[in-house]
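Q: mmCIF, C-alpha atoms, file protein19.cif:
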```
data_query
loop_
_atom_site.label_atom_id
_atom_site.label_comp_id
_atom_site.auth_asym_id
_atom_site.auth_seq_id
_atom_site.Cartn_x
_atom_site.Cartn_y
_atom_site.Cartn_z
CA MET A 142 64.80 -20.61 -30.81
CA THR A 143 67.51 -22.32 -28.79
CA GLY A 144 69.83 -19.44 -29.60
CA PHE A 145 67.25 -16.97 -28.34
CA MET A 146 66.76 -18.96 -25.15
CA TYR A 147 70.50 -19.26 -24.68
CA LYS A 148 70.98 -15.51 -25.02
CA SER A 149 67.97 -14.16 -23.16
CA TRP A 150 67.05 -16.74 -20.53
CA TRP A 151 67.95 -14.28 -17.76
CA LYS A 152 65.69 -11.60 -19.19
CA ILE A 153 62.76 -14.03 -19.18
CA LEU A 154 63.67 -15.16 -15.68
CA GLY A 155 63.78 -11.54 -14.44
CA SER A 156 60.45 -10.65 -16.04
CA VAL A 157 58.74 -13.77 -14.73
CA LEU A 158 60.08 -13.18 -11.22
CA VAL A 159 58.97 -9.53 -11.16
CA ILE A 160 55.51 -10.36 -12.51
CA TYR A 161 55.19 -13.24 -10.02
CA THR A 162 56.28 -11.14 -7.04
CA THR A 163 53.97 -8.27 -8.01
CA ILE A 164 50.92 -10.51 -8.25
CA ALA A 165 51.82 -12.77 -5.33
CA GLY A 166 52.90 -9.77 -3.26
CA LEU A 167 49.47 -8.22 -3.61
CA LEU A 168 47.39 -11.40 -3.31
CA LEU A 169 49.19 -13.91 -1.10
CA GLY A 170 48.52 -13.99 2.62
CA VAL A 171 50.70 -12.02 5.01
CA PRO A 172 51.02 -12.18 8.80
CA ARG A 173 48.84 -9.73 10.74
CA LEU A 174 50.99 -7.28 12.69
CA ALA A 175 49.87 -4.24 14.66
CA ILE A 176 50.26 -0.85 12.91
CA LEU A 177 51.82 -2.48 9.85
CA ASN A 178 48.69 -4.39 8.80
CA GLU A 179 48.55 -4.68 5.02
CA THR A 180 51.33 -2.15 4.47
CA ILE A 181 53.71 -5.00 5.19
CA ARG A 182 53.32 -5.83 1.50
CA ASN A 183 55.42 -2.77 0.72
CA LEU A 184 58.38 -4.89 1.78
CA TYR A 185 58.16 -6.68 -1.58
CA PHE A 186 58.45 -3.43 -3.51
CA HIS A 187 60.62 -1.26 -1.26
CA VAL A 188 63.51 -3.48 -0.21
CA PRO A 189 64.20 -4.92 -3.71
CA MET A 190 64.82 -1.33 -4.92
CA TRP A 191 67.79 -1.05 -2.53
CA PHE A 192 68.95 -4.46 -3.64
CA GLY A 193 68.86 -3.35 -7.26
CA MET A 194 70.62 -0.10 -6.37
CA ILE A 195 73.46 -1.87 -4.56
CA THR A 196 73.83 -4.30 -7.48
CA LEU A 197 74.05 -1.46 -10.01
CA PHE A 198 76.43 0.66 -7.95
CA SER A 199 78.65 -2.39 -7.45
CA ILE A 200 78.70 -2.95 -11.22
CA SER A 201 79.64 0.71 -11.61
CA VAL A 202 82.57 0.47 -9.19
CA PHE A 203 83.74 -2.71 -10.89
CA TYR A 204 83.87 -0.96 -14.26
CA SER A 205 85.46 2.15 -12.76
CA ILE A 206 88.30 -0.01 -11.44
CA LYS A 207 88.48 -1.74 -14.81
CA TYR A 208 88.61 1.63 -16.56
CA LEU A 209 91.59 2.76 -14.49
CA SER A 210 93.56 -0.31 -15.52
CA SER A 211 92.42 -0.57 -19.14
CA GLY A 212 91.62 3.00 -20.20
CA ASN A 213 88.88 1.61 -22.43
CA GLU A 214 86.08 4.08 -23.18
CA LYS A 215 83.46 1.29 -23.02
CA ASP A 216 84.21 0.63 -19.36
CA ASP A 217 83.59 4.29 -18.56
CA LEU A 218 80.26 4.16 -20.39
CA ARG A 219 79.27 1.06 -18.42
CA ALA A 220 80.18 2.78 -15.14
CA ILE A 221 78.13 5.91 -15.85
CA GLU A 222 75.11 4.06 -17.21
CA SER A 223 74.89 1.73 -14.23
CA VAL A 224 75.03 4.77 -11.92
CA ASN A 225 72.23 6.40 -13.94
CA VAL A 226 69.99 3.37 -13.51
CA GLY A 227 71.08 2.89 -9.89
CA VAL A 228 70.07 6.46 -9.04
CA ILE A 229 66.59 5.81 -10.45
CA PHE A 230 66.33 2.69 -8.28
CA SER A 231 67.45 4.62 -5.20
CA LEU A 232 64.86 7.33 -5.86
CA LEU A 233 62.18 4.66 -6.27
CA GLY A 234 63.32 3.13 -2.97
CA LEU A 235 63.04 6.50 -1.29
CA VAL A 236 59.58 7.14 -2.75
CA THR A 237 58.18 3.70 -1.86
CA GLY A 238 59.60 4.12 1.63
CA SER A 239 58.05 7.57 2.02
CA ILE A 240 54.62 6.43 0.89
CA TRP A 241 54.79 3.55 3.34
CA ALA A 242 55.94 5.94 6.09
CA LYS A 243 52.94 8.17 5.42
CA PHE A 244 50.62 5.31 6.41
CA THR A 245 52.60 3.93 9.34
CA TRP A 246 54.63 6.82 10.77
CA GLY A 247 52.12 9.51 9.84
CA GLN A 248 54.21 11.63 7.47
CA PHE A 249 56.18 11.21 4.29
CA TRP A 250 59.47 12.43 5.76
CA SER A 251 60.02 12.17 9.49
CA PHE A 252 63.76 12.85 9.51
CA ASP A 253 64.49 9.32 10.53
CA VAL A 254 68.19 8.33 10.39
CA LYS A 255 67.58 5.83 7.63
CA GLN A 256 65.79 8.39 5.49
CA ASN A 257 68.45 11.03 6.08
CA PHE A 258 71.42 8.79 5.41
CA THR A 259 69.96 7.37 2.21
CA ALA A 260 69.28 10.92 1.05
CA VAL A 261 72.95 11.75 1.69
CA ALA A 262 74.02 8.57 -0.12
CA ILE A 263 71.98 9.64 -3.15
CA LEU A 264 73.56 13.09 -2.90
CA LEU A 265 76.93 11.34 -3.19
CA TYR A 266 75.95 9.98 -6.58
CA PHE A 267 74.47 13.29 -7.67
CA ALA A 268 77.88 14.78 -6.87
CA TYR A 269 79.38 12.13 -9.13
CA LEU A 270 77.05 13.15 -11.95
CA VAL A 271 77.84 16.87 -11.38
CA LEU A 272 81.55 16.09 -11.46
CA ARG A 273 81.11 14.40 -14.82
CA ASN A 274 79.34 17.41 -16.25
CA ALA A 275 82.03 19.75 -14.97
CA ILE A 276 84.78 18.22 -17.12
CA ASP A 277 84.70 18.60 -20.89
CA GLU A 278 87.56 16.45 -22.03
CA GLN A 279 86.34 12.86 -22.41
CA GLN A 280 89.38 10.94 -21.16
CA LYS A 281 89.98 13.26 -18.24
CA ARG A 282 86.31 13.06 -17.27
CA ALA A 283 86.36 9.28 -17.40
CA LYS A 284 89.48 9.01 -15.24
CA ILE A 285 88.58 11.57 -12.58
CA SER A 286 85.00 10.39 -12.21
CA ALA A 287 86.17 6.77 -11.97
CA ILE A 288 88.46 7.80 -9.11
CA TYR A 289 85.66 9.66 -7.33
CA ASN A 290 83.31 6.74 -7.85
CA ILE A 291 85.73 4.29 -6.21
CA PHE A 292 86.41 6.78 -3.42
CA ALA A 293 82.70 7.34 -2.76
CA PHE A 294 81.53 3.72 -2.81
CA PRO A 295 82.88 2.70 0.64
CA MET A 296 81.31 5.89 2.05
CA MET A 297 77.96 4.89 0.56
CA VAL A 298 78.26 1.46 2.20
CA VAL A 299 79.06 3.09 5.57
CA LEU A 300 76.13 5.47 5.13
CA ILE A 301 73.40 2.96 4.39
CA MET A 302 74.68 -0.18 6.10
CA VAL A 303 76.74 0.83 9.16
CA LEU A 304 75.58 4.19 10.50
CA PRO A 305 71.81 3.50 10.72
CA ARG A 306 72.55 0.52 12.95
CA LEU A 307 74.29 2.75 15.48
CA SER A 308 71.29 4.82 16.42
CA ASP A 309 67.62 4.34 17.12
CA SER A 310 65.36 4.46 14.15
CA LEU A 311 61.69 4.07 13.45
CA HIS A 312 62.56 1.85 10.55
CA PRO A 313 61.68 -1.86 10.85
CA GLY A 314 64.72 -3.82 11.94
CA ASN A 315 66.12 -0.92 14.00
CA GLY A 316 65.75 0.09 17.61
CA GLY A 317 63.54 -2.80 18.71
CA ASN A 318 60.96 -2.39 15.95
CA PRO A 319 59.74 -5.57 14.34
CA GLY A 320 62.06 -6.09 11.41
CA PHE A 321 63.30 -8.52 8.93
CA ASN A 322 63.89 -11.30 11.38
CA THR A 323 60.47 -11.28 12.97
CA TYR A 324 58.25 -11.06 9.99
CA ASP A 325 60.67 -12.86 7.81
CA LEU A 326 60.00 -15.93 9.89
CA ASP A 327 56.86 -16.33 7.86
CA SER A 328 57.81 -18.63 5.01
CA ARG A 329 55.00 -17.23 2.82
CA MET A 330 56.74 -13.85 2.81
CA ARG A 331 60.12 -15.34 2.16
CA ALA A 332 58.78 -17.10 -0.93
CA VAL A 333 57.94 -13.71 -2.42
CA LEU A 334 60.69 -11.50 -1.03
CA TYR A 335 63.75 -13.45 -2.19
CA PRO A 336 62.52 -13.89 -5.78
CA ALA A 337 61.76 -10.14 -5.75
CA PHE A 338 65.41 -9.37 -4.85
CA ILE A 339 66.67 -11.43 -7.75
CA GLY A 340 63.97 -10.32 -10.19
CA TRP A 341 64.40 -6.57 -9.66
CA SER A 342 68.21 -6.86 -9.75
CA ILE A 343 67.97 -8.60 -13.10
CA ILE A 344 65.54 -5.97 -14.43
CA GLY A 345 67.93 -3.22 -13.28
CA TYR A 346 70.81 -4.96 -15.02
CA TRP A 347 68.72 -5.33 -18.16
CA ILE A 348 67.84 -1.60 -18.25
CA TYR A 349 71.50 -0.80 -17.78
CA THR A 350 72.60 -3.01 -20.70
CA ILE A 351 70.01 -1.34 -22.96
CA ARG A 352 71.14 2.15 -21.91
CA PHE A 353 74.74 1.15 -22.44
CA ARG A 354 74.00 -0.08 -25.95
CA ILE A 355 72.13 3.12 -26.83
CA ARG A 356 75.01 5.24 -25.60
CA SER A 357 77.63 3.21 -27.48
CA LEU A 358 75.60 3.52 -30.69
CA GLU A 359 75.26 7.27 -30.16
CA ASN A 360 78.99 7.58 -29.61
CA LYS A 361 79.69 5.60 -32.74
CA GLN A 362 77.36 7.83 -34.71
CA ASN A 363 78.95 11.01 -33.42
CA SER A 364 82.55 10.02 -34.11
CA MET B 43 112.97 3.48 3.21
CA HIS B 44 113.05 5.30 -0.10
CA LEU B 45 109.39 6.28 0.24
CA PHE B 46 109.90 7.29 3.85
CA ASN B 47 112.71 9.69 2.90
CA GLN B 48 110.66 11.21 0.11
CA VAL B 49 107.70 11.74 2.42
CA LYS B 50 109.97 13.33 5.02
CA TYR B 51 111.48 15.79 2.52
CA LEU B 52 108.10 16.67 1.04
CA ILE B 53 106.65 17.39 4.48
CA GLN B 54 109.69 19.53 5.28
CA LYS B 55 109.13 21.41 2.03
CA GLU B 56 105.48 22.03 2.83
CA ILE B 57 106.24 23.25 6.33
CA LEU B 58 109.03 25.49 5.04
CA LEU B 59 106.77 27.01 2.39
CA GLU B 60 104.05 27.55 4.94
CA TRP B 61 106.51 29.07 7.40
CA ARG B 62 107.72 31.57 4.82
CA SER B 63 104.29 32.87 3.86
CA LYS B 64 102.22 31.79 6.90
CA TYR B 65 99.29 32.20 4.57
CA ALA B 66 97.16 29.14 5.37
CA ILE B 67 97.71 29.20 9.09
CA ASN B 68 97.06 32.93 9.49
CA GLY B 69 94.13 32.89 7.11
CA VAL B 70 92.36 30.01 8.78
CA LEU B 71 93.18 31.33 12.23
CA LEU B 72 91.68 34.69 11.38
CA TYR B 73 88.66 32.90 9.94
CA VAL B 74 88.16 30.81 13.09
CA VAL B 75 88.63 33.69 15.51
CA SER B 76 86.36 36.04 13.60
CA THR B 77 83.65 33.38 13.23
CA VAL B 78 83.78 32.59 16.93
CA PHE B 79 83.59 36.30 17.66
CA VAL B 80 80.61 36.79 15.37
CA CYS B 81 78.89 33.83 17.03
CA PHE B 82 79.65 35.35 20.43
CA LEU B 83 78.20 38.71 19.39
CA SER B 84 75.02 37.12 18.15
CA PHE B 85 74.55 34.51 20.90
CA ILE B 86 76.28 36.22 23.88
CA THR B 87 75.87 33.02 25.90
CA ILE B 88 74.91 29.57 24.79
CA ASP B 89 72.85 27.80 27.41
CA ASN B 90 72.01 24.89 25.18
CA LYS B 91 74.89 22.41 25.05
CA ILE B 92 73.68 20.91 21.78
CA THR B 93 73.85 24.30 20.08
CA TRP B 94 77.32 24.85 21.51
CA ASN B 95 78.44 21.52 20.07
CA ALA B 96 76.83 21.99 16.64
CA LEU B 97 78.24 25.49 16.28
CA PHE B 98 81.72 24.27 17.09
CA TRP B 99 81.63 21.55 14.44
CA ILE B 100 80.22 23.86 11.80
CA ILE B 101 83.08 26.29 12.41
CA MET B 102 85.55 23.38 12.33
CA LEU B 103 84.10 22.05 9.09
CA PHE B 104 84.46 25.28 7.16
CA ALA B 105 87.83 26.09 8.69
CA SER B 106 89.20 22.73 7.58
CA ILE B 107 87.69 22.97 4.10
CA ASN B 108 89.40 26.34 3.71
CA GLY B 109 92.66 25.14 5.20
CA VAL B 110 93.00 21.79 3.49
CA SER B 111 91.65 22.62 0.05
CA LYS B 112 94.63 24.91 -0.44
CA SER B 113 96.98 21.94 -0.59
CA PHE B 114 96.26 21.09 -4.21
CA LEU B 115 94.07 23.91 -5.49
CA GLN B 116 96.63 26.64 -4.89
CA GLU B 117 99.70 24.87 -6.16
CA SER B 118 100.95 26.09 -9.53
CA LYS B 119 101.03 23.59 -12.35
CA GLY B 120 104.77 24.00 -12.76
CA ARG B 121 105.54 23.20 -9.16
CA GLN B 122 103.22 20.19 -9.23
CA LEU B 123 104.98 18.87 -12.30
CA TYR B 124 108.35 19.43 -10.65
CA SER B 125 107.46 17.44 -7.53
CA TYR B 126 105.90 14.68 -9.62
CA VAL B 127 109.19 14.26 -11.46
CA LEU B 128 111.16 14.09 -8.23
CA ALA B 129 108.94 11.91 -6.03
CA SER B 130 106.59 8.97 -6.36
CA PRO B 131 102.85 9.75 -6.35
CA GLY B 132 102.35 7.69 -3.19
CA ALA B 133 104.90 9.83 -1.37
CA ILE B 134 103.22 13.04 -2.57
CA ILE B 135 99.72 12.18 -1.36
CA LEU B 136 101.09 10.75 1.90
CA ALA B 137 103.16 13.86 2.54
CA LYS B 138 100.25 16.17 1.76
CA THR B 139 97.93 14.19 4.01
CA ILE B 140 100.38 14.11 6.92
CA TYR B 141 101.15 17.80 6.52
CA ASN B 142 97.43 18.64 6.50
CA VAL B 143 96.87 16.49 9.58
CA LEU B 144 99.61 18.40 11.40
CA LEU B 145 98.25 21.74 10.24
CA MET B 146 94.70 20.87 11.29
CA LEU B 147 95.83 19.53 14.67
CA VAL B 148 97.45 22.88 15.45
CA LEU B 149 94.51 24.88 14.11
CA THR B 150 91.77 22.89 15.81
CA THR B 151 93.58 23.02 19.14
CA ILE B 152 93.82 26.81 18.90
CA ALA B 153 90.21 27.00 17.73
CA LEU B 154 89.02 24.88 20.66
CA ALA B 155 90.95 27.06 23.09
CA VAL B 156 89.44 30.26 21.66
CA TYR B 157 85.98 28.75 21.54
CA THR B 158 85.95 27.50 25.14
CA LEU B 159 87.47 30.79 26.29
CA VAL B 160 84.93 33.01 24.53
CA PHE B 161 81.88 31.02 25.58
CA SER B 162 83.43 30.11 28.95
CA TYR B 163 82.03 26.61 28.86
CA ILE B 164 84.02 23.41 29.28
CA PRO B 165 82.57 19.98 28.34
CA ALA B 166 82.08 17.56 31.23
CA ASP B 167 84.59 15.08 29.87
CA PHE B 168 87.10 17.46 28.32
CA LEU B 169 89.69 14.79 27.49
CA MET B 170 87.12 12.80 25.50
CA PHE B 171 85.98 15.96 23.74
CA TYR B 172 89.58 16.68 22.82
CA VAL B 173 89.90 13.15 21.45
CA ALA B 174 86.84 13.87 19.28
CA VAL B 175 88.47 17.10 18.09
CA LEU B 176 91.71 15.29 17.25
CA LEU B 177 89.84 12.55 15.39
CA GLY B 178 87.87 15.24 13.63
CA SER B 179 90.94 17.06 12.38
CA LEU B 180 92.43 13.73 11.32
CA SER B 181 89.34 12.70 9.33
CA PHE B 182 88.79 16.15 7.81
CA SER B 183 92.40 16.26 6.59
CA THR B 184 92.53 12.77 5.12
CA ILE B 185 89.23 13.13 3.28
CA PHE B 186 89.62 16.74 2.11
CA THR B 187 93.17 16.16 0.88
CA MET B 188 92.04 13.50 -1.58
CA ILE B 189 88.90 15.40 -2.60
CA SER B 190 90.91 18.58 -3.21
CA ALA B 191 93.26 16.54 -5.41
CA ILE B 192 90.25 15.36 -7.43
CA ALA B 193 88.71 18.85 -7.56
CA SER B 194 91.97 20.49 -8.62
CA LYS B 195 92.34 18.05 -11.53
CA ALA B 196 88.77 18.69 -12.62
CA GLY B 197 89.47 22.36 -13.16
CA ASN B 198 86.95 24.68 -11.51
CA GLY B 199 88.11 24.50 -7.91
CA GLY B 200 86.08 25.89 -5.03
CA MET B 201 82.57 25.08 -6.17
CA LEU B 202 83.35 21.49 -7.06
CA MET B 203 85.27 21.03 -3.81
CA ALA B 204 82.11 21.78 -1.81
CA ILE B 205 79.86 19.58 -3.95
CA LEU B 206 82.21 16.62 -3.86
CA SER B 207 83.23 16.80 -0.22
CA PHE B 208 79.95 17.46 1.57
CA PRO B 209 78.23 14.11 0.94
CA VAL B 210 81.46 12.33 1.88
CA ILE B 211 82.04 14.31 5.06
CA ILE B 212 78.45 14.27 6.40
CA PRO B 213 78.61 10.70 7.78
CA VAL B 214 81.94 11.48 9.45
CA LEU B 215 80.54 14.70 10.87
CA ILE B 216 77.50 12.92 12.30
CA VAL B 217 79.67 10.35 14.08
CA LEU B 218 81.92 13.16 15.36
CA ILE B 219 79.01 15.18 16.69
CA ARG B 220 77.66 12.12 18.46
CA LEU B 221 81.06 11.40 20.00
CA ALA B 222 81.40 15.02 21.12
CA LYS B 223 77.86 14.91 22.53
CA ASN B 224 78.80 11.88 24.64
CA ALA B 225 81.77 13.82 25.97
CA ILE B 226 79.64 16.90 26.73
CA ASP B 227 77.13 14.80 28.63
CA GLY B 228 80.01 13.20 30.50
CA LEU B 229 78.92 9.68 29.64
CA ASP B 230 81.09 6.73 30.53
CA ARG B 231 83.98 6.44 28.07
CA SER B 232 83.19 2.86 27.10
CA VAL B 233 79.99 4.17 25.44
CA SER B 234 82.03 6.10 22.88
CA LEU B 235 84.30 3.24 21.81
CA ASP B 236 82.01 2.35 18.88
CA GLU B 237 82.25 5.85 17.42
CA ILE B 238 86.03 5.99 17.86
CA GLY B 239 86.33 2.64 16.14
CA ILE B 240 84.23 3.75 13.18
CA LEU B 241 86.16 6.99 12.80
CA LEU B 242 89.50 5.16 12.84
CA LEU B 243 88.15 2.65 10.32
CA ILE B 244 86.95 5.43 8.00
CA ASN B 245 90.37 7.08 8.21
CA VAL B 246 92.26 3.88 7.45
CA MET B 247 89.88 3.28 4.53
CA THR B 248 90.34 6.80 3.20
CA VAL B 249 94.15 6.71 3.41
CA CYS B 250 94.26 3.32 1.68
CA ALA B 251 91.90 4.51 -1.07
CA SER B 252 93.95 7.70 -1.54
CA LEU B 253 97.20 5.75 -1.78
CA LEU B 254 95.71 3.36 -4.33
CA LEU B 255 93.91 5.98 -6.43
CA PHE B 256 96.26 8.95 -6.45
CA PRO B 257 98.83 7.37 -8.83
CA TYR B 258 96.05 7.27 -11.45
CA LEU B 259 94.93 10.78 -10.70
CA TRP B 260 98.12 12.82 -11.03
CA ARG B 261 99.07 11.67 -14.52
CA ASP B 262 97.58 13.97 -17.13
#
```
Spit out the file's structure as structure tokens when you get a sec.

A:
Amino acid sequence: MTGFMYKSWWKILGSVLVIYTTIAGLLLGVPRLAILNETIRNLYFHVPMWFGMITLFSISVFYSIKYLSSGNEKDDLRAIESVNVGVIFSLLGLVTGSIWAKFTWGQFWSFDVKQNFTAVAILLYFAYLVLRNAIDEQQKRAKISAIYNIFAFPMMVVLIMVLPRLSDSLHPGNGGNPGFNTYDLDSRMRAVLYPAFIGWSIIGYWIYTIRFRIRSLENKQNS
Amino acid sequence: MHLFNQVKYLIQKEILLEWRSKYAINGVLLYVVSTVFVCFLSFITIDNKITWNALFWIIMLFASINGVSKSFLQESKGRQLYSYVLASPGAIILAKTIYNVLLMLVLTTIALAVYTLVFSYIPADFLMFYVAVLLGSLSFSTIFTMISAIASKAGNGGMLMAILSFPVIIPVLIVLIRLAKNAIDGLDRSVSLDEIGILLLINVMTVCASLLLFPYLWRD
């Protein structure tokens, strides 16, 4: 039992946090703001997706760098699997954002800078996946895609963190719209939002470790 | 000093090879002039300044993809191997990048001249617009040089080049278009400092990443 707790405490922590934030996010009180109303609760489900995505893409870059110095096949597998899970998180972020936008901005996609730039950032990682499929030889594929991954990561950071801040956006937190800082002042929201960041990041990491293990077993079976 | 000499000789080699065939420069020039001409035939005059700006950058984008992607994609394997034996990988990527920057500076300047001449329209703040064009050719060359190196190693050239480079170049292109728009509207120059800063930062980042990553890339 102690061994189990020692090995999987973080999985339990992640699950508990996600369950807590889902229930508390839907039930706990939120500040009343014009237009936003109850849709403000989407904050608990939308923003953690980006947090999970950034965590997974960072893990991927870390292992890509490690692959270039070690040449170990496992590092390449870790890099690709974390991108696979990260892409799912980014798509979920885009979908939750779009659904929220339907109720507050009036349409699913209003060609807002934030929406456009995140779409381009996701395209960047699709390009990475296409690049991997274009090369047959395993070692060559691992090396070239690791290089592209490292090359693309700073661009992704510029795309989703720097550029949206330069121009007006409908998105909360941009262009004078009520954002993080105003509704974050409410300590009730903070008590749900921060655990959600941690919880979803852990769940993302967990999915990635499972995928990695499946892929390593498959590789072992094939060779 | 050693690296500096290598870079110098490699750039000289590139320029010499280009001068003998004049393939890239003539090809891209013909491409730019014919595209501008086709645009002129279909638009006749462009009253909308935003369209004028967007059209210019689209022409620039494809001209530079065509011009820069040649640097690695069209080099024979034997010649690549030969230069890798003689020079360090850092020197090779640096030389290619600098050569492409020079090439693009010449080409974009000619393209801008043709474009303004054909549509007989000059942006309000021409100097600022020219700065945007120079920064554009700089960013296009640094980014496309590295991407073409990656695409050439991956095997199937042209298609992959487009897929890999577009998501990377779109943010740069958006900042460039915004900078050029400021110049067209004749806004105060201090407004554009943010964009210039970001473009310079992206270029420094790209060159550093290329220098760090290329040594891993060229070894087969």

Q: Under the rule that only C-alpha atoms are counted, which of A:Arg356, A:Tyr161, A:Asp217, A:Tyr185 is the nearest residue to Lys281 in chain A?

A: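 Of all the options, A:Asp217 lies closest to Lys281 in chain A.
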
Q: Take CA of Asn108 in chain B and CA of Gly178 in chain B and report the distance between them in Å, one decimal.

A: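 Taking CA of Asn108 in chain B as the start and CA of Gly178 in chain B as the end point, the length is 15.0 Å.
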
Q: Taking all atoms listed in the file into account and nothing else, which residues of chain B lie no more than 7 Å away from chain A? Please answer as a PyMOL selection string.

A: chain B and resi 192+196+205-206+209-210+213+251+255+259

Q: Distance CA of Leu197 in chain A-CA of Tyr349 in chain A, one decimal place?

A: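 CA of Leu197 in chain A sits 8.2 Å away from CA of Tyr349 in chain A.
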
Q: So which one's closest to Ile53 in chain B, B:Leu103, B:Leu72, B:Ala96, B:Val143? Using all atoms listed in the file, please.

A: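 Among the listed residues, the smallest separation from Ile53 in chain B belongs to B:Val143.
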
Q: Might you pull out every residue within 12 Å of Leu235 in chain B, with all atoms listed in the file counted and same-chain residues fewer than 3 positions away left off, and present them as a list in words?

A: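 Final neighbour list, sorted by chain and number: Leu307 of chain A; Met170, Val173, Ala174, Val217, Arg220, Leu221, Asn224, Ala225, Leu229, Asp230, Arg231, Ser232, Ile238, Gly239, Ile240, Leu241 and Leu242 of chain B.
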
Q: What does the structure give for the distance between CA of Leu270 in chain A and CA of Val249 in chain B, in Å to one decimal?

A: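 We find that CA of Leu270 in chain A and CA of Val249 in chain B lie 23.9 Å from each other.
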
Q: List the residues selected by the PyMOL selection byres ((chain B and resi 155) around 12) in the file shown, writing them as a VMD selection string.

A: chain B and resid 71 74 to 75 78 98 148 to 154 156 to 164 168 172 175

Q: Quick one: residues within 9 Å of Gly155 in chain A, only C-alpha atoms counted, chain neighbours fewer than 2 positions away excluded, as a tab-separated table (two decimals) with C-alpha atoms, in the coordinates of the input?

A:
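After the write, selection34.tsv holds the following:
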```tsv
chain	number	residue	atom	x	y	z
A	150	TRP	CA	67.05	-16.74	-20.53
A	151	TRP	CA	67.95	-14.28	-17.76
A	152	LYS	CA	65.69	-11.60	-19.19
A	153	ILE	CA	62.76	-14.03	-19.18
A	157	VAL	CA	58.74	-13.77	-14.73
A	158	LEU	CA	60.08	-13.18	-11.22
A	159	VAL	CA	58.97	-9.53	-11.16
A	160	ILE	CA	55.51	-10.36	-12.51
A	339	ILE	CA	66.67	-11.43	-7.75
A	340	GLY	CA	63.97	-10.32	-10.19
A	341	TRP	CA	64.40	-6.57	-9.66
A	342	SER	CA	68.21	-6.86	-9.75
A	343	ILE	CA	67.97	-8.60	-13.10
A	344	ILE	CA	65.54	-5.97	-14.43
A	347	TRP	CA	68.72	-5.33	-18.16
```

Q: Considering all atoms listed in the file, can you say which of A:Ala165, A:Asn225, A:Glu214, A:Ser156 comes closest to Thr350 in chain A?

A: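 Comparing A:Ala165, A:Asn225, A:Glu214, A:Ser156 against Thr350 in chain A, the winner is A:Asn225.
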